[in-house]
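For reference, model11.tsv is printed below; it contains TSV, N, CA and C atoms.
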chain	number	residue	atom	x	y	z
A	1	MET	N	126.44	-134.42	-168.37
A	1	MET	CA	127.56	-135.35	-168.32
A	1	MET	C	128.38	-135.06	-167.05
A	2	THR	N	128.62	-136.10	-166.25
A	2	THR	CA	129.35	-135.94	-165.00
A	2	THR	C	130.86	-135.84	-165.28
A	3	LYS	N	131.58	-135.41	-164.26
A	3	LYS	CA	133.03	-135.29	-164.39
A	3	LYS	C	133.67	-136.66	-164.64
A	4	THR	N	133.13	-137.68	-164.00
A	4	THR	CA	133.65	-139.03	-164.19
A	4	THR	C	133.47	-139.48	-165.63
A	5	GLU	N	132.32	-139.19	-166.20
A	5	GLU	CA	132.07	-139.55	-167.60
A	5	GLU	C	133.00	-138.80	-168.54
A	6	ILE	N	133.25	-137.53	-168.23
A	6	ILE	CA	134.18	-136.73	-169.04
A	6	ILE	C	135.58	-137.32	-168.97
A	7	ILE	N	136.02	-137.70	-167.78
A	7	ILE	CA	137.34	-138.30	-167.61
A	7	ILE	C	137.42	-139.61	-168.38
A	8	LYS	N	136.36	-140.42	-168.30
A	8	LYS	CA	136.33	-141.68	-169.05
A	8	LYS	C	136.47	-141.44	-170.54
A	9	ASN	N	135.77	-140.45	-171.05
A	9	ASN	CA	135.85	-140.13	-172.48
A	9	ASN	C	137.25	-139.66	-172.86
A	10	HIS	N	137.86	-138.86	-172.01
A	10	HIS	CA	139.23	-138.42	-172.27
A	10	HIS	C	140.19	-139.61	-172.30
A	11	CYS	N	140.00	-140.52	-171.37
A	11	CYS	CA	140.85	-141.72	-171.32
A	11	CYS	C	140.68	-142.56	-172.58
A	12	LYS	N	139.45	-142.68	-173.05
A	12	LYS	CA	139.20	-143.44	-174.28
A	12	LYS	C	139.86	-142.77	-175.48
A	13	GLN	N	139.77	-141.43	-175.54
A	13	GLN	CA	140.39	-140.71	-176.65
A	13	GLN	C	141.92	-140.86	-176.64
A	14	LEU	N	142.49	-140.97	-175.46
A	14	LEU	CA	143.94	-141.12	-175.33
A	14	LEU	C	144.37	-142.59	-175.32
A	15	ASN	N	143.42	-143.49	-175.53
A	15	ASN	CA	143.67	-144.94	-175.52
A	15	ASN	C	144.24	-145.42	-174.18
A	16	LEU	N	143.75	-144.88	-173.10
A	16	LEU	CA	144.11	-145.32	-171.75
A	16	LEU	C	143.01	-146.27	-171.28
A	17	THR	N	143.03	-147.47	-171.82
A	17	THR	CA	141.91	-148.39	-171.62
A	17	THR	C	141.74	-148.84	-170.19
A	18	ALA	N	142.84	-149.09	-169.48
A	18	ALA	CA	142.72	-149.53	-168.09
A	18	ALA	C	142.08	-148.44	-167.24
A	19	LEU	N	142.47	-147.21	-167.48
A	19	LEU	CA	141.91	-146.10	-166.69
A	19	LEU	C	140.44	-145.85	-167.05
A	20	SER	N	140.12	-145.95	-168.32
A	20	SER	CA	138.72	-145.72	-168.70
A	20	SER	C	137.81	-146.82	-168.16
A	21	ASN	N	138.31	-148.04	-168.07
A	21	ASN	CA	137.49	-149.15	-167.56
A	21	ASN	C	137.33	-149.11	-166.05
A	22	ASP	N	138.35	-148.68	-165.33
A	22	ASP	CA	138.33	-148.73	-163.86
A	22	ASP	C	138.31	-147.35	-163.22
A	23	CYS	N	137.86	-146.37	-163.95
A	23	CYS	CA	137.90	-144.99	-163.49
A	23	CYS	C	137.24	-144.78	-162.12
A	24	GLU	N	136.03	-145.29	-161.97
A	24	GLU	CA	135.30	-145.07	-160.72
A	24	GLU	C	136.00	-145.70	-159.52
A	25	SER	N	136.47	-146.92	-159.68
A	25	SER	CA	137.11	-147.60	-158.55
A	25	SER	C	138.44	-146.94	-158.19
A	26	ILE	N	139.18	-146.46	-159.20
A	26	ILE	CA	140.45	-145.78	-158.94
A	26	ILE	C	140.21	-144.49	-158.16
A	27	ILE	N	139.22	-143.74	-158.58
A	27	ILE	CA	138.90	-142.48	-157.89
A	27	ILE	C	138.40	-142.75	-156.48
A	28	TYR	N	137.55	-143.76	-156.33
A	28	TYR	CA	137.03	-144.11	-155.00
A	28	TYR	C	138.15	-144.47	-154.04
A	29	GLU	N	139.09	-145.32	-154.51
A	29	GLU	CA	140.22	-145.72	-153.66
A	29	GLU	C	141.08	-144.52	-153.28
A	30	ALA	N	141.29	-143.61	-154.22
A	30	ALA	CA	142.10	-142.42	-153.95
A	30	ALA	C	141.43	-141.53	-152.90
A	31	GLU	N	140.12	-141.37	-153.03
A	31	GLU	CA	139.40	-140.55	-152.05
A	31	GLU	C	139.38	-141.23	-150.69
A	32	LYS	N	139.19	-142.54	-150.68
A	32	LYS	CA	139.13	-143.29	-149.43
A	32	LYS	C	140.46	-143.23	-148.68
A	33	ASN	N	141.56	-143.38	-149.42
A	33	ASN	CA	142.89	-143.39	-148.79
A	33	ASN	C	143.50	-142.00	-148.63
A	34	LYS	N	142.82	-140.99	-149.15
A	34	LYS	CA	143.28	-139.59	-149.05
A	34	LYS	C	144.74	-139.45	-149.47
A	35	ILE	N	145.02	-139.91	-150.69
A	35	ILE	CA	146.39	-139.85	-151.18
A	35	ILE	C	146.67	-138.49	-151.83
A	36	THR	N	147.94	-138.14	-151.96
A	36	THR	CA	148.33	-136.87	-152.57
A	36	THR	C	148.15	-136.95	-154.08
A	37	TYR	N	148.22	-135.79	-154.72
A	37	TYR	CA	148.10	-135.77	-156.18
A	37	TYR	C	149.25	-136.55	-156.83
A	38	LEU	N	150.43	-136.42	-156.26
A	38	LEU	CA	151.59	-137.13	-156.80
A	38	LEU	C	151.40	-138.64	-156.70
A	39	GLU	N	150.92	-139.11	-155.55
A	39	GLU	CA	150.66	-140.55	-155.38
A	39	GLU	C	149.56	-141.03	-156.34
A	40	PHE	N	148.52	-140.22	-156.48
A	40	PHE	CA	147.42	-140.56	-157.37
A	40	PHE	C	147.90	-140.66	-158.81
A	41	PHE	N	148.69	-139.68	-159.24
A	41	PHE	CA	149.21	-139.69	-160.60
A	41	PHE	C	150.11	-140.91	-160.83
A	42	ASN	N	150.94	-141.21	-159.86
A	42	ASN	CA	151.80	-142.39	-159.95
A	42	ASN	C	150.97	-143.67	-160.02
A	43	ASP	N	149.94	-143.77	-159.21
A	43	ASP	CA	149.08	-144.95	-159.19
A	43	ASP	C	148.38	-145.18	-160.53
A	44	ILE	N	147.83	-144.11	-161.11
A	44	ILE	CA	147.11	-144.30	-162.37
A	44	ILE	C	148.07	-144.66	-163.51
A	45	LEU	N	149.27	-144.10	-163.47
A	45	LEU	CA	150.25	-144.49	-164.49
A	45	LEU	C	150.68	-145.94	-164.31
A	46	ASP	N	150.87	-146.36	-163.06
A	46	ASP	CA	151.22	-147.76	-162.79
A	46	ASP	C	150.13	-148.71	-163.30
A	47	ILE	N	148.88	-148.37	-163.05
A	47	ILE	CA	147.76	-149.20	-163.49
A	47	ILE	C	147.76	-149.33	-165.01
A	48	GLU	N	147.95	-148.22	-165.69
A	48	GLU	CA	147.93	-148.25	-167.16
A	48	GLU	C	149.13	-149.02	-167.72
A	49	ILE	N	150.29	-148.83	-167.13
A	49	ILE	CA	151.49	-149.54	-167.60
A	49	ILE	C	151.34	-151.04	-167.40
A	50	LYS	N	150.87	-151.46	-166.23
A	50	LYS	CA	150.66	-152.89	-165.98
A	50	LYS	C	149.65	-153.49	-166.95
A	51	HIS	N	148.59	-152.76	-167.20
A	51	HIS	CA	147.56	-153.22	-168.14
A	51	HIS	C	148.15	-153.40	-169.54
A	52	ARG	N	148.94	-152.44	-169.98
A	52	ARG	CA	149.53	-152.52	-171.31
A	52	ARG	C	150.54	-153.66	-171.41
A	53	MET	N	151.30	-153.87	-170.34
A	53	MET	CA	152.26	-154.97	-170.34
A	53	MET	C	151.55	-156.32	-170.42
A	54	GLU	N	150.46	-156.46	-169.65
A	54	GLU	CA	149.68	-157.71	-169.69
A	54	GLU	C	149.07	-157.92	-171.07
A	55	LYS	N	148.54	-156.85	-171.64
A	55	LYS	CA	147.93	-156.93	-172.97
A	55	LYS	C	148.98	-157.28	-174.02
A	56	ASP	N	150.17	-156.70	-173.89
A	56	ASP	CA	151.26	-156.98	-174.82
A	56	ASP	C	151.72	-158.44	-174.70
A	57	LEU	N	151.81	-158.94	-173.47
A	57	LEU	CA	152.20	-160.33	-173.26
A	57	LEU	C	151.16	-161.28	-173.86
A	58	ASP	N	149.89	-161.00	-173.62
A	58	ASP	CA	148.82	-161.82	-174.19
A	58	ASP	C	148.89	-161.83	-175.71
A	59	LYS	N	149.18	-160.67	-176.29
A	59	LYS	CA	149.29	-160.55	-177.75
A	59	LYS	C	150.46	-161.40	-178.26
A	60	ARG	N	151.60	-161.34	-177.57
A	60	ARG	CA	152.76	-162.12	-177.99
A	60	ARG	C	152.51	-163.62	-177.88
A	61	VAL	N	151.88	-164.04	-176.80
A	61	VAL	CA	151.57	-165.46	-176.62
A	61	VAL	C	150.62	-165.93	-177.72
A	62	LYS	N	149.65	-165.11	-178.04
A	62	LYS	CA	148.70	-165.47	-179.09
A	62	LYS	C	149.41	-165.55	-180.44
A	63	GLN	N	150.31	-164.61	-180.72
A	63	GLN	CA	151.04	-164.62	-181.98
A	63	GLN	C	151.99	-165.81	-182.08
A	64	ALA	N	152.49	-166.27	-180.93
A	64	ALA	CA	153.41	-167.41	-180.92
A	64	ALA	C	152.72	-168.71	-181.28
A	65	ARG	N	151.41	-168.73	-181.15
A	65	ARG	CA	150.60	-169.92	-181.46
A	65	ARG	C	151.11	-171.16	-180.73
A	66	LEU	N	151.38	-170.97	-179.47
A	66	LEU	CA	151.84	-172.09	-178.65
A	66	LEU	C	150.68	-173.05	-178.40
A	67	PRO	N	150.98	-174.32	-178.25
A	67	PRO	CA	149.89	-175.25	-177.91
A	67	PRO	C	149.36	-174.92	-176.52
A	68	LEU	N	148.10	-175.18	-176.32
A	68	LEU	CA	147.49	-174.87	-175.04
A	68	LEU	C	148.15	-175.63	-173.90
A	69	CYS	N	148.43	-176.89	-174.13
A	69	CYS	CA	149.06	-177.71	-173.11
A	69	CYS	C	150.11	-178.57	-173.80
A	70	TYR	N	151.32	-178.46	-173.34
A	70	TYR	CA	152.39	-179.26	-173.95
A	70	TYR	C	153.15	-179.95	-172.84
A	71	ASN	N	153.26	-181.26	-172.96
A	71	ASN	CA	154.02	-182.02	-171.97
A	71	ASN	C	154.86	-183.06	-172.70
A	72	LEU	N	155.62	-183.83	-171.95
A	72	LEU	CA	156.54	-184.79	-172.55
A	72	LEU	C	155.83	-185.93	-173.27
A	73	ASP	N	154.58	-186.17	-172.94
A	73	ASP	CA	153.83	-187.22	-173.63
A	73	ASP	C	153.63	-186.88	-175.11
A	74	MET	N	153.68	-185.59	-175.44
A	74	MET	CA	153.46	-185.14	-176.81
A	74	MET	C	154.78	-185.01	-177.58
A	75	PHE	N	155.92	-185.29	-176.94
A	75	PHE	CA	157.23	-185.13	-177.57
A	75	PHE	C	157.43	-186.14	-178.69
A	76	ASP	N	157.97	-185.68	-179.81
A	76	ASP	CA	158.21	-186.55	-180.97
A	76	ASP	C	159.60	-187.18	-180.85
A	77	PHE	N	159.64	-188.44	-180.44
A	77	PHE	CA	160.91	-189.13	-180.23
A	77	PHE	C	161.50	-189.67	-181.54
A	78	SER	N	160.76	-189.54	-182.63
A	78	SER	CA	161.28	-190.03	-183.92
A	78	SER	C	162.36	-189.10	-184.47
A	79	LEU	N	162.43	-187.89	-183.99
A	79	LEU	CA	163.45	-186.95	-184.44
A	79	LEU	C	164.81	-187.33	-183.87
A	80	GLU	N	165.85	-187.12	-184.64
A	80	GLU	CA	167.20	-187.37	-184.16
A	80	GLU	C	167.69	-186.13	-183.41
A	81	ASN	N	167.54	-186.13	-182.11
A	81	ASN	CA	167.94	-184.97	-181.32
A	81	ASN	C	168.97	-185.31	-180.26
A	82	GLY	N	169.41	-186.56	-180.21
A	82	GLY	CA	170.46	-186.94	-179.29
A	82	GLY	C	169.99	-187.32	-177.90
A	83	ILE	N	168.70	-187.34	-177.67
A	83	ILE	CA	168.19	-187.71	-176.35
A	83	ILE	C	167.11	-188.78	-176.53
A	84	GLY	N	167.21	-189.79	-175.71
A	84	GLY	CA	166.25	-190.89	-175.79
A	84	GLY	C	165.08	-190.70	-174.86
A	85	LYS	N	164.08	-191.56	-175.04
A	85	LYS	CA	162.87	-191.48	-174.24
A	85	LYS	C	163.17	-191.70	-172.75
A	86	GLN	N	164.00	-192.68	-172.44
A	86	GLN	CA	164.32	-193.00	-171.05
A	86	GLN	C	165.10	-191.84	-170.40
A	87	GLN	N	166.06	-191.28	-171.12
A	87	GLN	CA	166.86	-190.18	-170.58
A	87	GLN	C	165.99	-188.95	-170.33
A	88	LEU	N	165.08	-188.66	-171.23
A	88	LEU	CA	164.17	-187.52	-171.06
A	88	LEU	C	163.26	-187.74	-169.86
A	89	LYS	N	162.82	-188.97	-169.66
A	89	LYS	CA	161.97	-189.29	-168.52
A	89	LYS	C	162.73	-189.07	-167.21
A	90	GLN	N	164.00	-189.50	-167.18
A	90	GLN	CA	164.82	-189.30	-165.98
A	90	GLN	C	165.02	-187.82	-165.69
A	91	LEU	N	165.26	-187.03	-166.74
A	91	LEU	CA	165.42	-185.59	-166.56
A	91	LEU	C	164.15	-184.94	-166.03
A	92	SER	N	163.01	-185.40	-166.51
A	92	SER	CA	161.75	-184.82	-166.04
A	92	SER	C	161.51	-185.16	-164.57
A	93	ILE	N	161.90	-186.35	-164.15
A	93	ILE	CA	161.76	-186.72	-162.74
A	93	ILE	C	162.66	-185.85	-161.88
A	94	CYS	N	163.89	-185.61	-162.34
A	94	CYS	CA	164.81	-184.73	-161.60
A	94	CYS	C	164.24	-183.32	-161.50
A	95	GLN	N	163.63	-182.84	-162.57
A	95	GLN	CA	163.02	-181.50	-162.57
A	95	GLN	C	161.89	-181.43	-161.55
A	96	GLU	N	161.05	-182.46	-161.49
A	96	GLU	CA	159.95	-182.49	-160.54
A	96	GLU	C	160.47	-182.49	-159.11
A	97	ILE	N	161.52	-183.26	-158.85
A	97	ILE	CA	162.10	-183.32	-157.51
A	97	ILE	C	162.67	-181.96	-157.13
A	98	THR	N	163.39	-181.32	-158.06
A	98	THR	CA	163.97	-180.00	-157.81
A	98	THR	C	162.88	-178.99	-157.51
A	99	CYS	N	161.83	-178.99	-158.29
A	99	CYS	CA	160.71	-178.05	-158.06
A	99	CYS	C	160.06	-178.29	-156.71
A	100	THR	N	159.90	-179.55	-156.34
A	100	THR	CA	159.30	-179.89	-155.06
A	100	THR	C	160.18	-179.41	-153.92
A	101	ILE	N	161.48	-179.65	-154.03
A	101	ILE	CA	162.41	-179.23	-152.97
A	101	ILE	C	162.42	-177.73	-152.82
A	102	PHE	N	162.55	-177.00	-153.95
A	102	PHE	CA	162.59	-175.56	-153.88
A	102	PHE	C	161.24	-174.99	-153.45
A	103	GLY	N	160.16	-175.68	-153.79
A	103	GLY	CA	158.84	-175.25	-153.35
A	103	GLY	C	158.69	-175.33	-151.84
A	104	MET	N	159.31	-176.36	-151.25
A	104	MET	CA	159.25	-176.51	-149.78
A	104	MET	C	160.11	-175.46	-149.10
A	105	ILE	N	161.23	-175.09	-149.72
A	105	ILE	CA	162.13	-174.09	-149.13
A	105	ILE	C	161.50	-172.72	-149.13
A	106	VAL	N	160.86	-172.37	-150.25
A	106	VAL	CA	160.24	-171.07	-150.37
A	106	VAL	C	158.97	-171.09	-149.60
Go ahead and render the structure in this file as structure tokens.
Amino acid sequence: MTKTEIIKNHCKQLNLTALSNDCESIIYEAEKNKITYLEFFNDILDIEIKHRMEKDLDKRVKQARLPLCYNLDMFDFSLENGIGKQQLKQLSICQEITCTIFGMIV
């Protein structure tokens, strides 16, 4: 059993899934860039934290059971919510214009 395989097994036992999946590439990049132990340790922790945050976000989105695609065409105007179809359409046009303007600025 190679050292890389041992590290992978340790990562799996500690539930460090991002590190166990990308172990070889992380080590290769560290050797290639000749980073310090402190930088390497920081990098692997960053990778694991980002992976867990992404996984947590995916889990929350899945639990929310949001529709895959939701737009104003699917809005139920039969509900009494104080806004009419025409007013909502005007607001959506303003939103598109604002996004376009800010998109050009950035």
**Message:** Neighbouring residues of Ile49 (chain A) were defined as those with any atom within 12 Å, considering only C-alpha atoms; residues of the same chain fewer than 4 positions away were excluded. Please report them as a count of residues only.
**Reply:** 12
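You will find CA of Asn15 (chain A) at 10.5 Å from CA of Arg52 (chain A).
One finds CA of Gln13 (chain A) at 19.3 Å from atom N of Phe41 (chain A).
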Student task, region 8-42 of chain A output with N, CA and C atoms as an mmCIF file, in the first residue's frame:
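Result file is selection_35.cif:
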data_model
loop_
_atom_site.group_PDB
_atom_site.id
_atom_site.type_symbol
_atom_site.label_atom_id
_atom_site.label_comp_id
_atom_site.auth_asym_id
_atom_site.auth_seq_id
_atom_site.Cartn_x
_atom_site.Cartn_y
_atom_site.Cartn_z
ATOM 1 N N LYS A 8 -5.347 8.493 1.590
ATOM 2 C CA LYS A 8 -6.736 8.425 1.128
ATOM 3 C C LYS A 8 -7.618 7.684 2.128
ATOM 4 N N ASN A 9 -7.121 6.571 2.640
ATOM 5 C CA ASN A 9 -7.883 5.798 3.621
ATOM 6 C C ASN A 9 -8.104 6.590 4.906
ATOM 7 N N HIS A 10 -7.088 7.306 5.337
ATOM 8 C CA HIS A 10 -7.231 8.145 6.530
ATOM 9 C C HIS A 10 -8.282 9.233 6.295
ATOM 10 N N CYS A 11 -8.253 9.827 5.123
ATOM 11 C CA CYS A 11 -9.231 10.865 4.787
ATOM 12 C C CYS A 11 -10.641 10.301 4.785
ATOM 13 N N LYS A 12 -10.800 9.102 4.255
ATOM 14 C CA LYS A 12 -12.121 8.467 4.243
ATOM 15 C C LYS A 12 -12.599 8.170 5.657
ATOM 16 N N GLN A 13 -11.687 7.698 6.518
ATOM 17 C CA GLN A 13 -12.059 7.407 7.902
ATOM 18 C C GLN A 13 -12.469 8.683 8.652
ATOM 19 N N LEU A 14 -11.856 9.793 8.301
ATOM 20 C CA LEU A 14 -12.173 11.068 8.943
ATOM 21 C C LEU A 14 -13.282 11.831 8.222
ATOM 22 N N ASN A 15 -13.871 11.201 7.206
ATOM 23 C CA ASN A 15 -14.928 11.818 6.394
ATOM 24 C C ASN A 15 -14.469 13.111 5.718
ATOM 25 N N LEU A 16 -13.256 13.138 5.247
ATOM 26 C CA LEU A 16 -12.722 14.263 4.475
ATOM 27 C C LEU A 16 -12.847 13.885 2.997
ATOM 28 N N THR A 17 -14.057 13.947 2.500
ATOM 29 C CA THR A 17 -14.344 13.412 1.169
ATOM 30 C C THR A 17 -13.643 14.158 0.051
ATOM 31 N N ALA A 18 -13.562 15.480 0.147
ATOM 32 C CA ALA A 18 -12.897 16.245 -0.914
ATOM 33 C C ALA A 18 -11.423 15.874 -0.993
ATOM 34 N N LEU A 19 -10.800 15.717 0.153
ATOM 35 C CA LEU A 19 -9.372 15.369 0.164
ATOM 36 C C LEU A 19 -9.146 13.937 -0.313
ATOM 37 N N SER A 20 -10.013 13.033 0.084
ATOM 38 C CA SER A 20 -9.820 11.650 -0.354
ATOM 39 C C SER A 20 -10.044 11.506 -1.859
ATOM 40 N N ASN A 21 -10.949 12.299 -2.419
ATOM 41 C CA ASN A 21 -11.213 12.216 -3.864
ATOM 42 C C ASN A 21 -10.116 12.868 -4.696
ATOM 43 N N ASP A 22 -9.536 13.955 -4.210
ATOM 44 C CA ASP A 22 -8.565 14.725 -4.998
ATOM 45 C C ASP A 22 -7.153 14.655 -4.431
ATOM 46 N N CYS A 23 -6.872 13.642 -3.673
ATOM 47 C CA CYS A 23 -5.590 13.535 -2.977
ATOM 48 C C CYS A 23 -4.382 13.662 -3.912
ATOM 49 N N GLU A 24 -4.392 12.917 -4.995
ATOM 50 C CA GLU A 24 -3.233 12.922 -5.897
ATOM 51 C C GLU A 24 -3.003 14.294 -6.520
ATOM 52 N N SER A 25 -4.064 14.926 -6.981
ATOM 53 C CA SER A 25 -3.899 16.226 -7.637
ATOM 54 C C SER A 25 -3.467 17.298 -6.645
ATOM 55 N N ILE A 26 -3.965 17.226 -5.409
ATOM 56 C CA ILE A 26 -3.566 18.196 -4.379
ATOM 57 C C ILE A 26 -2.078 18.057 -4.069
ATOM 58 N N ILE A 27 -1.638 16.831 -3.916
ATOM 59 C CA ILE A 27 -0.216 16.582 -3.619
ATOM 60 C C ILE A 27 0.660 17.004 -4.794
ATOM 61 N N TYR A 28 0.223 16.684 -6.012
ATOM 62 C CA TYR A 28 0.984 17.059 -7.204
ATOM 63 C C TYR A 28 1.157 18.571 -7.301
ATOM 64 N N GLU A 29 0.054 19.311 -7.091
ATOM 65 C CA GLU A 29 0.122 20.778 -7.149
ATOM 66 C C GLU A 29 1.045 21.334 -6.072
ATOM 67 N N ALA A 30 1.003 20.750 -4.887
ATOM 68 C CA ALA A 30 1.853 21.220 -3.790
ATOM 69 C C ALA A 30 3.333 20.984 -4.114
ATOM 70 N N GLU A 31 3.628 19.823 -4.680
ATOM 71 C CA GLU A 31 5.018 19.528 -5.050
ATOM 72 C C GLU A 31 5.473 20.418 -6.193
ATOM 73 N N LYS A 32 4.598 20.635 -7.158
ATOM 74 C CA LYS A 32 4.931 21.450 -8.322
ATOM 75 C C LYS A 32 5.214 22.901 -7.917
ATOM 76 N N ASN A 33 4.381 23.436 -7.020
ATOM 77 C CA ASN A 33 4.530 24.838 -6.609
ATOM 78 C C ASN A 33 5.492 25.031 -5.437
ATOM 79 N N LYS A 34 5.990 23.927 -4.889
ATOM 80 C CA LYS A 34 6.946 23.960 -3.771
ATOM 81 C C LYS A 34 6.459 24.876 -2.646
ATOM 82 N N ILE A 35 5.249 24.584 -2.168
ATOM 83 C CA ILE A 35 4.680 25.413 -1.115
ATOM 84 C C ILE A 35 5.138 24.913 0.258
ATOM 85 N N THR A 36 5.033 25.769 1.262
ATOM 86 C CA THR A 36 5.429 25.406 2.622
ATOM 87 C C THR A 36 4.378 24.489 3.239
ATOM 88 N N TYR A 37 4.744 23.883 4.364
ATOM 89 C CA TYR A 37 3.795 23.016 5.056
ATOM 90 C C TYR A 37 2.568 23.809 5.514
ATOM 91 N N LEU A 38 2.804 25.020 5.970
ATOM 92 C CA LEU A 38 1.708 25.866 6.429
ATOM 93 C C LEU A 38 0.750 26.190 5.283
ATOM 94 N N GLU A 39 1.298 26.540 4.119
ATOM 95 C CA GLU A 39 0.454 26.818 2.954
ATOM 96 C C GLU A 39 -0.308 25.564 2.509
ATOM 97 N N PHE A 40 0.375 24.429 2.524
ATOM 98 C CA PHE A 40 -0.247 23.168 2.140
ATOM 99 C C PHE A 40 -1.401 22.827 3.074
ATOM 100 N N PHE A 41 -1.162 22.960 4.372
ATOM 101 C CA PHE A 41 -2.204 22.666 5.354
ATOM 102 C C PHE A 41 -3.395 23.604 5.171
ATOM 103 N N ASN A 42 -3.117 24.866 4.948
ATOM 104 C CA ASN A 42 -4.180 25.841 4.706
ATOM 105 C C ASN A 42 -4.960 25.491 3.441
#
